[in-house]
Amino acid sequence: MKSTAALLMMIVLTIVPAFGWSGDMSQNDVTKVDCASSRWFDSLTRATDARPQAVPFSFTYNGKPSSEWLDSCRFERSTKQLDANRKQHTLSFTDTATGLVLTCVAVDYLDFPTVEWTLYFKNSGSADTPIIENIQALNLRIEKKPVADDEYVLHHNNGTLVTTINVPAGIRDYEPLTTALTPGKKMAFIPPQGRPCAGEWPYYNLAWKGGGAIIVVGWPGSWAARFTCDDGNGLQVSAGQQKTHFVLHPQEEVRSPLIVVQRYQGDWIDGQNIWRRWMFAHNMPRPGGKLPEPMTGASDCDYVADMAVDAQREMRSMDRHAEEKLLPDCWWIDAGWYKMTDENGVKSYTYTGTWEVDTDRFPNGLRPVFDYAKSKGIGKGIVWFEPERVAPKRWLYTERPQWLLGREGEYKLLNMGNPEALAWVTDMVDKTMNDGGFTIYREDFNFGPSDCWTYHEAENRQGINEIKHVTGHLAFWTELLRRNPNRMIDTCASGGHRLDIETLRLSVPLWRTDYPHEPVGAQGMTYGLSMWVPYSGTGVRSDDPYVVRSDMAPFFVLTWNMFSKDVDYPELRKLMAEWRSINQYYRGDFYPLTEYSASNAVWIGWQFHRIDIDAGIVQLFRRADCPYISASFKLKGLDPTSDYRVTNAETGKSVMRSGKQLMDEGLIGTIAKRPGAVNYIYTKRKLSKARAGNQ
């Protein structure tokens with residue numbers, strides 16, 4: 001694959017100063033880059049010491065647009081090779097009058113057509129800086145050459161549609177959406193309450209004829225993005241933190257959101273698969289130096305009042321899993337293991353903020369539970385925390401109020417921008433994991449923090465609390481993993497509310513939604529989320545094959561009530577064996593084979609294709625009101641000259657088809673029962689030596 005330099009063509013970038021979120025542009029301030037002779041973001045990634053003529057970001061400083069300020073600054077550039085496939089470019093602009101230093105750190109990926117960058121603002125002086133505001137970490141104007149019938153098409157997704165605790169998430173979580181950006185079209189994406197995937201999704205695929213660009217905002221806080229199409233061939237794209245208006249104190253430093261831009265040629269789905277491959281190659285966490293393997297997890301918490309679990313119940317549940325030969329890979333203790341009793345003796349898992357094991361229910365701590373799990377062959381342990389949300393009358397609330405942000409009497413936020421609070425939470429979680437003998441840290445986040453951030457801010461410090469909390473939180477996770485590289489972090493946040501790229505470099509979402517156990521929603525989430533997030537999990541508590549297959553994902557949470565006599569355990573064993581037979585293919589490219597739909601009257605399906613072994617799976621679903629027993633699905637990515645064995649993962653029956661047949665005519669899926677589901681595994685036929693010699 002060629003480097004970014006070779007592929008970032010066919011487009012004009014014009015960089016404009018920030019004008020808030022109005023989308024207005026003054027042509028007098030435009031700096032144009034010739035598409036015939038320049039690369040995208042050449043100003044960031046070239047190796048010369050020359051001052052850049054255009055940069056893909058903007059802000060206002062002391063009332064002046066950054067384009068004016070940058071020209072007056074002392075400029076320095078440095079480049080270093082990070083590894084065989086990444087080169088880092090650092091651009092530094094210093095204002096000798098006020099001491100403000102702006103540093104842009106850009107990374108050019110040599111094995112993918114990808115550039116990313118982050119801005120850092122530091123006050124190197126001895127007095128407060130003037131106001132820095134309207135920071136757009138991404139601010140550019142794209143112009144394509146006029147082509148008949150060509151237009152910008154924006155592929156985007158819903159985020160998770162729950163916005164507050166105890167409000168059910170939506171059946172349309174992660175729904176893929178397509179919007180034509182016709183002349184005059186304006187689109188704004190502004191998630192509420194400070195969680196990055198609450199309703200909106202910070203990942204975009206901007207397509208045009210023959211190619212496009214993936215544009216991603218990495219910020220686990222309040223971000224905003226805007227796409228404004230003019231009356232010609234131009235499109236302005238802006239993105240950054242929602243509100244920035246602040247001075248910096250002497251020696252203070254803050255950062256912007258991360259911006260990732262990835263060019264591609266071909267169909268927009270080709271672009272999505274370049275993204276998936278880049279995620280596997282450069283972004284996903286690697287506990288123990290390896291990508292996360294597909295796993296099952298099991299928990300008994302859902303069947304205990306107020307989730308007030310205890311050691312004996314946990315171990316009895318493990319015994320039941322062993323008796324039914326349904327042992328998971330990971331034992332999961334969810335909310336409720338800590339001291340959570342109020343002054344009236346009422347227990348509630350929402351009483352967060354006293355992070356001590358409840359020794360009435362776990363007299364010897366958590367370790368005996370996980371030691372028992374290992375004795376049963378369950379190799380990993382996972383425990384739920386929610387350190388950022390602090391309930392009234394809990395230990396943090398009463399004993400460390402200086403570490404908290406928010407209104408008195410309401411939930412408060414543990415301020416990870418406070419160095420003492422950051423050190424405490426890091427040591428607390430680290431010690432609990434070491435003492436308890438588990439390696440997967442599950443972090444939930446069940447309220448929006450934005451009001452807590454802004455409640456304490458002065459007029460000239462808007463955005464500072466958020467920046468410091470976000471950067472502190474990322475530092476917390478980074479240090480937790482540094483102390484033990486075998487650990488893994490599960491990001492939950494009400495089921496998927498914090499899935500930005502910065503978060504996903506440190507964690508995986510083992511619980512992608514708080515709308516579980518419903519098959520149509522589960523299918524739609526796999527369809528939409530797989531385009532962007534290669535590894536995710538959801539839960540199943542049914543023994544209905546249609547429901548179980550709808551919930552199959554790289555991480556598969558078994559929440560069956562193992563004490564019930566009404567569960568078809570033999571059927572579950574068959575279904576778990578089926579999941580294990582297909583899960584290796586989730587690491588491949590992803591192709592939707594039907595349109596997305598939440599209707600009960602359709603077929604829906606997709607394909608995961610492993611290019612390294614030329615094999616994969618096709619997952620098909622005939623919904624409850626669909627009248628058609630069979631349907632044809634044209635596969636992607638196969639070798640048209642080779643034969644493939646296609647096997648029904650449930651029955652074991654197989655047929656032989658050529659790659660050309662499967663791609664041109666399609667795979668015929670047949671499901672007699674409705675609703676129903678089927679998994680097909682296809683593998684490339686190995687040729688005999690005689691036949692191979694004749695090819």
# chains A, B, ... in the order shown; residues from 1 in each chain; ligands from 1

call {"tool": "residues_around", "arguments": {"residues": "range 498-506 of chain A", "least_positions_apart": "4", "cutoff": "7 Å", "atoms": "only C-alpha atoms", "output": "MDAnalysis selection string"}}
result
chainID A and resid 195:197 202 218:220 283:285 477 489 491 493

call {"tool": "closest_atom_pairs", "arguments": {"of": "range 291-324 of chain A", "to": "range 527-543 of chain A", "cutoff": "10 Å", "atoms": "only C-alpha atoms", "output": "CSV"}}
result
residue,atom,partner,partner_atom,distance
A:Leu291,CA,A:Tyr535,CA,9.8
A:Pro292,CA,A:Tyr535,CA,8.1
A:Glu293,CA,A:Tyr535,CA,9.2
A:Pro294,CA,A:Tyr535,CA,8.4
A:Met295,CA,A:Gly537,CA,9.1
A:Thr296,CA,A:Gly537,CA,9.0
A:Gly297,CA,A:Gly539,CA,8.9
A:Ala298,CA,A:Gly539,CA,9.1

call {"tool": "residues_around", "arguments": {"residues": "range 74-83 of chain A", "least_positions_apart": "5", "cutoff": "6 Å", "atoms": "only C-alpha atoms", "output": "ChimeraX atom specification"}}
result
/A:49,88-94

call {"tool": "write_last_selection", "arguments": {"atoms": "N, CA and C atoms", "output": "short mmCIF file (atom, residue, chain, number, x, y, z; two decimals), in the first residue's frame"}}
result
data_model
loop_
_atom_site.label_atom_id
_atom_site.label_comp_id
_atom_site.auth_asym_id
_atom_site.auth_seq_id
_atom_site.Cartn_x
_atom_site.Cartn_y
_atom_site.Cartn_z
N ASP A 49 12.23 22.38 6.26
CA ASP A 49 12.07 23.32 7.39
C ASP A 49 11.21 24.52 7.03
N GLN A 88 6.64 10.92 12.60
CA GLN A 88 6.04 12.03 13.35
C GLN A 88 6.66 13.36 12.94
N HIS A 89 5.80 14.33 12.69
CA HIS A 89 6.22 15.67 12.31
C HIS A 89 5.71 16.65 13.38
N THR A 90 6.61 17.47 13.90
CA THR A 90 6.24 18.43 14.94
C THR A 90 6.46 19.84 14.41
N LEU A 91 5.39 20.62 14.37
CA LEU A 91 5.43 22.00 13.92
C LEU A 91 5.19 22.90 15.13
N SER A 92 6.09 23.82 15.37
CA SER A 92 6.00 24.68 16.56
C SER A 92 5.98 26.14 16.15
N PHE A 93 5.02 26.89 16.72
CA PHE A 93 4.87 28.32 16.46
C PHE A 93 4.95 29.05 17.81
N THR A 94 5.88 29.98 17.95
CA THR A 94 6.09 30.67 19.22
C THR A 94 5.86 32.16 19.06
#

call {"tool": "select_by_dssp", "arguments": {"residues": "range 369-516 of chain A", "states": "strand (DSSP E or B)", "output": "PyMOL selection string"}}
result
chain A and resi 380-385+389-390+404-405+412-414+440-443+461-462+488-491+508

call {"tool": "residues_around", "arguments": {"residues": "range 338-346 of chain A", "least_positions_apart": "4", "cutoff": "12 Å", "atoms": "only C-alpha atoms", "output": "count of residues only"}}
result
36

call {"tool": "atom_distance", "arguments": {"atom1": "CA of Gln265 in chain A", "atom2": "CA of Asn85 in chain A"}}
result
20.4 Å

call {"tool": "residues_around", "arguments": {"residues": "Gly605 in chain A", "least_positions_apart": "2", "cutoff": "10 Å", "atoms": "only C-alpha atoms", "output": "list in words"}}
result
Gln523, Gly524, Thr526, Tyr527, Tyr591, Pro592, Leu593, Thr594, Glu595, Tyr596, Trp603, Gln607, Val618, Gln619, Leu620, Phe621, Arg622, Phe633, Gly669, Ala677, Val678 and Asn679 of chain A

call {"tool": "write_last_selection", "arguments": {"atoms": "N, CA and C atoms", "output": "PDB file, in the first residue's frame"}}
result
ATOM      1  N   GLN A 523     -28.955  -7.037  15.640  1.00  0.00           N
ATOM      2  CA  GLN A 523     -28.494  -7.183  14.255  1.00  0.00           C
ATOM      3  C   GLN A 523     -28.066  -5.829  13.683  1.00  0.00           C
ATOM      4  N   GLY A 524     -28.898  -4.822  13.901  1.00  0.00           N
ATOM      5  CA  GLY A 524     -28.592  -3.496  13.372  1.00  0.00           C
ATOM      6  C   GLY A 524     -27.317  -2.916  13.952  1.00  0.00           C
ATOM      7  N   THR A 526     -24.639  -4.667  15.047  1.00  0.00           N
ATOM      8  CA  THR A 526     -23.507  -5.334  14.409  1.00  0.00           C
ATOM      9  C   THR A 526     -23.276  -4.760  13.021  1.00  0.00           C
ATOM     10  N   TYR A 527     -24.348  -4.535  12.288  1.00  0.00           N
ATOM     11  CA  TYR A 527     -24.272  -3.976  10.935  1.00  0.00           C
ATOM     12  C   TYR A 527     -23.599  -2.603  10.961  1.00  0.00           C
ATOM     13  N   TYR A 591     -18.505  -6.500   4.994  1.00  0.00           N
ATOM     14  CA  TYR A 591     -19.311  -6.097   3.844  1.00  0.00           C
ATOM     15  C   TYR A 591     -20.795  -6.254   4.181  1.00  0.00           C
ATOM     16  N   PRO A 592     -21.561  -5.186   4.159  1.00  0.00           N
ATOM     17  CA  PRO A 592     -23.019  -5.349   4.256  1.00  0.00           C
ATOM     18  C   PRO A 592     -23.544  -5.973   2.975  1.00  0.00           C
ATOM     19  N   LEU A 593     -24.428  -6.943   3.101  1.00  0.00           N
ATOM     20  CA  LEU A 593     -24.984  -7.642   1.938  1.00  0.00           C
ATOM     21  C   LEU A 593     -26.414  -7.225   1.637  1.00  0.00           C
ATOM     22  N   THR A 594     -27.010  -6.458   2.538  1.00  0.00           N
ATOM     23  CA  THR A 594     -28.357  -5.913   2.340  1.00  0.00           C
ATOM     24  C   THR A 594     -28.336  -4.461   2.786  1.00  0.00           C
ATOM     25  N   GLU A 595     -29.411  -3.773   2.534  1.00  0.00           N
ATOM     26  CA  GLU A 595     -29.587  -2.457   3.128  1.00  0.00           C
ATOM     27  C   GLU A 595     -29.822  -2.614   4.633  1.00  0.00           C
ATOM     28  N   TYR A 596     -29.445  -1.587   5.387  1.00  0.00           N
ATOM     29  CA  TYR A 596     -29.804  -1.567   6.801  1.00  0.00           C
ATOM     30  C   TYR A 596     -31.307  -1.360   6.934  1.00  0.00           C
ATOM     31  N   TRP A 603     -35.100  -9.451   5.086  1.00  0.00           N
ATOM     32  CA  TRP A 603     -33.847 -10.134   5.363  1.00  0.00           C
ATOM     33  C   TRP A 603     -32.787  -9.060   5.646  1.00  0.00           C
ATOM     34  N   GLN A 607     -21.201  -9.940   5.642  1.00  0.00           N
ATOM     35  CA  GLN A 607     -20.103 -10.871   5.419  1.00  0.00           C
ATOM     36  C   GLN A 607     -18.859 -10.343   6.126  1.00  0.00           C
ATOM     37  N   VAL A 618     -20.810 -15.648   6.474  1.00  0.00           N
ATOM     38  CA  VAL A 618     -21.976 -14.875   6.056  1.00  0.00           C
ATOM     39  C   VAL A 618     -23.036 -15.102   7.123  1.00  0.00           C
ATOM     40  N   GLN A 619     -23.509 -14.012   7.713  1.00  0.00           N
ATOM     41  CA  GLN A 619     -24.537 -14.085   8.751  1.00  0.00           C
ATOM     42  C   GLN A 619     -25.823 -13.488   8.199  1.00  0.00           C
ATOM     43  N   LEU A 620     -26.887 -14.303   8.149  1.00  0.00           N
ATOM     44  CA  LEU A 620     -28.146 -13.913   7.518  1.00  0.00           C
ATOM     45  C   LEU A 620     -29.298 -14.080   8.500  1.00  0.00           C
ATOM     46  N   PHE A 621     -30.274 -13.173   8.394  1.00  0.00           N
ATOM     47  CA  PHE A 621     -31.415 -13.166   9.296  1.00  0.00           C
ATOM     48  C   PHE A 621     -32.697 -12.916   8.509  1.00  0.00           C
ATOM     49  N   ARG A 622     -33.642 -13.821   8.681  1.00  0.00           N
ATOM     50  CA  ARG A 622     -34.984 -13.643   8.135  1.00  0.00           C
ATOM     51  C   ARG A 622     -35.870 -13.223   9.304  1.00  0.00           C
ATOM     52  N   PHE A 633     -27.529 -13.391  -2.049  1.00  0.00           N
ATOM     53  CA  PHE A 633     -26.632 -12.397  -1.472  1.00  0.00           C
ATOM     54  C   PHE A 633     -25.289 -12.474  -2.198  1.00  0.00           C
ATOM     55  N   GLY A 669     -29.384 -17.965   0.411  1.00  0.00           N
ATOM     56  CA  GLY A 669     -29.673 -18.245   1.811  1.00  0.00           C
ATOM     57  C   GLY A 669     -31.111 -18.716   1.951  1.00  0.00           C
ATOM     58  N   ALA A 677     -32.323 -17.528  11.595  1.00  0.00           N
ATOM     59  CA  ALA A 677     -30.990 -17.030  11.281  1.00  0.00           C
ATOM     60  C   ALA A 677     -30.100 -18.196  10.893  1.00  0.00           C
ATOM     61  N   VAL A 678     -29.089 -17.890  10.079  1.00  0.00           N
ATOM     62  CA  VAL A 678     -28.146 -18.926   9.668  1.00  0.00           C
ATOM     63  C   VAL A 678     -26.766 -18.297   9.525  1.00  0.00           C
ATOM     64  N   ASN A 679     -25.751 -19.054   9.910  1.00  0.00           N
ATOM     65  CA  ASN A 679     -24.360 -18.681   9.688  1.00  0.00           C
ATOM     66  C   ASN A 679     -23.759 -19.630   8.660  1.00  0.00           C
TER      67      ASN A 679
END

call {"tool": "residues_around", "arguments": {"residues": "Trp453 in chain A", "least_positions_apart": "2", "cutoff": "6 Å", "atoms": "only C-alpha atoms", "output": "VMD selection string"}}
result
chain A and resid 450 to 451 455 465 to 466

call {"tool": "select_by_dssp", "arguments": {"residues": "range 253-496 of chain A", "states": "helix (DSSP H, G or I)", "output": "number ranges by chain"}}
result
A: 268-283, 287-289, 301-303, 305-307, 311-323, 367-375, 395-399, 401-403, 419-436, 450-455, 464-483, 493-496

call {"tool": "closest_residue", "arguments": {"among": "A:Leu481, A:Cys104, A:Ala97, A:Leu235", "to": "Leu154 in chain A", "atoms": "only C-alpha atoms"}}
result
A:Leu235

call {"tool": "atom_distance", "arguments": {"atom1": "CA of Ile440 in chain A", "atom2": "CA of Trp403 in chain A"}}
result
25.8 Å

call {"tool": "closest_residue", "arguments": {"among": "A:Tyr680, A:Tyr441, A:Phe476, A:Phe447", "to": "Val508 in chain A", "atoms": "only C-alpha atoms"}}
result
A:Tyr441

call {"tool": "residues_around", "arguments": {"residues": "Gly234 in chain A", "least_positions_apart": "6", "cutoff": "7 Å", "atoms": "only C-alpha atoms", "output": "VMD selection string"}}
result
chain A and resid 141 to 143

call {"tool": "write_last_selection", "arguments": {"atoms": "N, CA and C atoms", "output": "PDB file, in the first residue's frame"}}
result
ATOM      1  N   ARG A 141     -11.330  23.467   3.694  1.00  0.00           N
ATOM      2  CA  ARG A 141     -12.300  23.543   2.604  1.00  0.00           C
ATOM      3  C   ARG A 141     -11.852  22.588   1.511  1.00  0.00           C
ATOM      4  N   ILE A 142     -12.736  21.711   1.109  1.00  0.00           N
ATOM      5  CA  ILE A 142     -12.436  20.710   0.094  1.00  0.00           C
ATOM      6  C   ILE A 142     -13.119  21.124  -1.206  1.00  0.00           C
ATOM      7  N   GLU A 143     -12.350  21.092  -2.302  1.00  0.00           N
ATOM      8  CA  GLU A 143     -12.927  21.345  -3.613  1.00  0.00           C
ATOM      9  C   GLU A 143     -12.541  20.209  -4.543  1.00  0.00           C
TER      10      GLU A 143
END

call {"tool": "closest_atom_pairs", "arguments": {"of": "range 635-676 of chain A", "to": "range 575-585 of chain A", "cutoff": "12 Å", "atoms": "only C-alpha atoms", "output": "Markdown table"}}
result
| residue | atom | partner | partner_atom | distance |
| --- | --- | --- | --- | --- |
| A:Thr647 | CA | A:Ile582 | CA | 11.0 |
| A:Asn648 | CA | A:Glu578 | CA | 9.9 |
| A:Ala649 | CA | A:Glu578 | CA | 6.2 |
| A:Glu650 | CA | A:Glu578 | CA | 6.5 |
| A:Thr651 | CA | A:Glu578 | CA | 9.9 |
| A:Gly652 | CA | A:Glu578 | CA | 10.2 |

call {"tool": "write_last_selection", "arguments": {"atoms": "all heavy atoms", "output": "PDB file, in the first residue's frame"}}
result
ATOM      1  N   THR A 647     -20.439 -23.845   3.994  1.00  0.00           N
ATOM      2  CA  THR A 647     -20.967 -24.795   4.968  1.00  0.00           C
ATOM      3  C   THR A 647     -21.932 -24.106   5.915  1.00  0.00           C
ATOM      4  O   THR A 647     -21.627 -23.043   6.471  1.00  0.00           O
ATOM      5  CB  THR A 647     -19.826 -25.423   5.791  1.00  0.00           C
ATOM      6  OG1 THR A 647     -18.890 -26.038   4.895  1.00  0.00           O
ATOM      7  CG2 THR A 647     -20.355 -26.460   6.765  1.00  0.00           C
ATOM      8  N   ASN A 648     -23.095 -24.701   6.097  1.00  0.00           N
ATOM      9  CA  ASN A 648     -24.048 -24.242   7.108  1.00  0.00           C
ATOM     10  C   ASN A 648     -23.468 -24.595   8.474  1.00  0.00           C
ATOM     11  O   ASN A 648     -23.248 -25.766   8.785  1.00  0.00           O
ATOM     12  CB  ASN A 648     -25.400 -24.924   6.893  1.00  0.00           C
ATOM     13  CG  ASN A 648     -26.463 -24.436   7.847  1.00  0.00           C
ATOM     14  OD1 ASN A 648     -26.256 -24.372   9.052  1.00  0.00           O
ATOM     15  ND2 ASN A 648     -27.642 -24.108   7.303  1.00  0.00           N
ATOM     16  N   ALA A 649     -23.199 -23.585   9.303  1.00  0.00           N
ATOM     17  CA  ALA A 649     -22.512 -23.818  10.573  1.00  0.00           C
ATOM     18  C   ALA A 649     -23.347 -24.631  11.547  1.00  0.00           C
ATOM     19  O   ALA A 649     -22.796 -25.256  12.462  1.00  0.00           O
ATOM     20  CB  ALA A 649     -22.124 -22.481  11.212  1.00  0.00           C
ATOM     21  N   GLU A 650     -24.667 -24.653  11.372  1.00  0.00           N
ATOM     22  CA  GLU A 650     -25.527 -25.434  12.265  1.00  0.00           C
ATOM     23  C   GLU A 650     -25.617 -26.891  11.822  1.00  0.00           C
ATOM     24  O   GLU A 650     -25.426 -27.809  12.627  1.00  0.00           O
ATOM     25  CB  GLU A 650     -26.931 -24.828  12.313  1.00  0.00           C
ATOM     26  CG  GLU A 650     -27.893 -25.627  13.181  1.00  0.00           C
ATOM     27  CD  GLU A 650     -29.315 -25.099  13.137  1.00  0.00           C
ATOM     28  OE1 GLU A 650     -29.645 -24.344  12.190  1.00  0.00           O
ATOM     29  OE2 GLU A 650     -30.098 -25.438  14.038  1.00  0.00           O
ATOM     30  N   THR A 651     -25.874 -27.120  10.548  1.00  0.00           N
ATOM     31  CA  THR A 651     -26.133 -28.482  10.070  1.00  0.00           C
ATOM     32  C   THR A 651     -24.888 -29.199   9.568  1.00  0.00           C
ATOM     33  O   THR A 651     -24.868 -30.429   9.478  1.00  0.00           O
ATOM     34  CB  THR A 651     -27.160 -28.452   8.930  1.00  0.00           C
ATOM     35  OG1 THR A 651     -26.581 -27.782   7.789  1.00  0.00           O
ATOM     36  CG2 THR A 651     -28.430 -27.727   9.357  1.00  0.00           C
ATOM     37  N   GLY A 652     -23.863 -28.434   9.202  1.00  0.00           N
ATOM     38  CA  GLY A 652     -22.669 -29.035   8.632  1.00  0.00           C
ATOM     39  C   GLY A 652     -22.777 -29.351   7.159  1.00  0.00           C
ATOM     40  O   GLY A 652     -21.807 -29.801   6.540  1.00  0.00           O
TER      41      GLY A 652
END
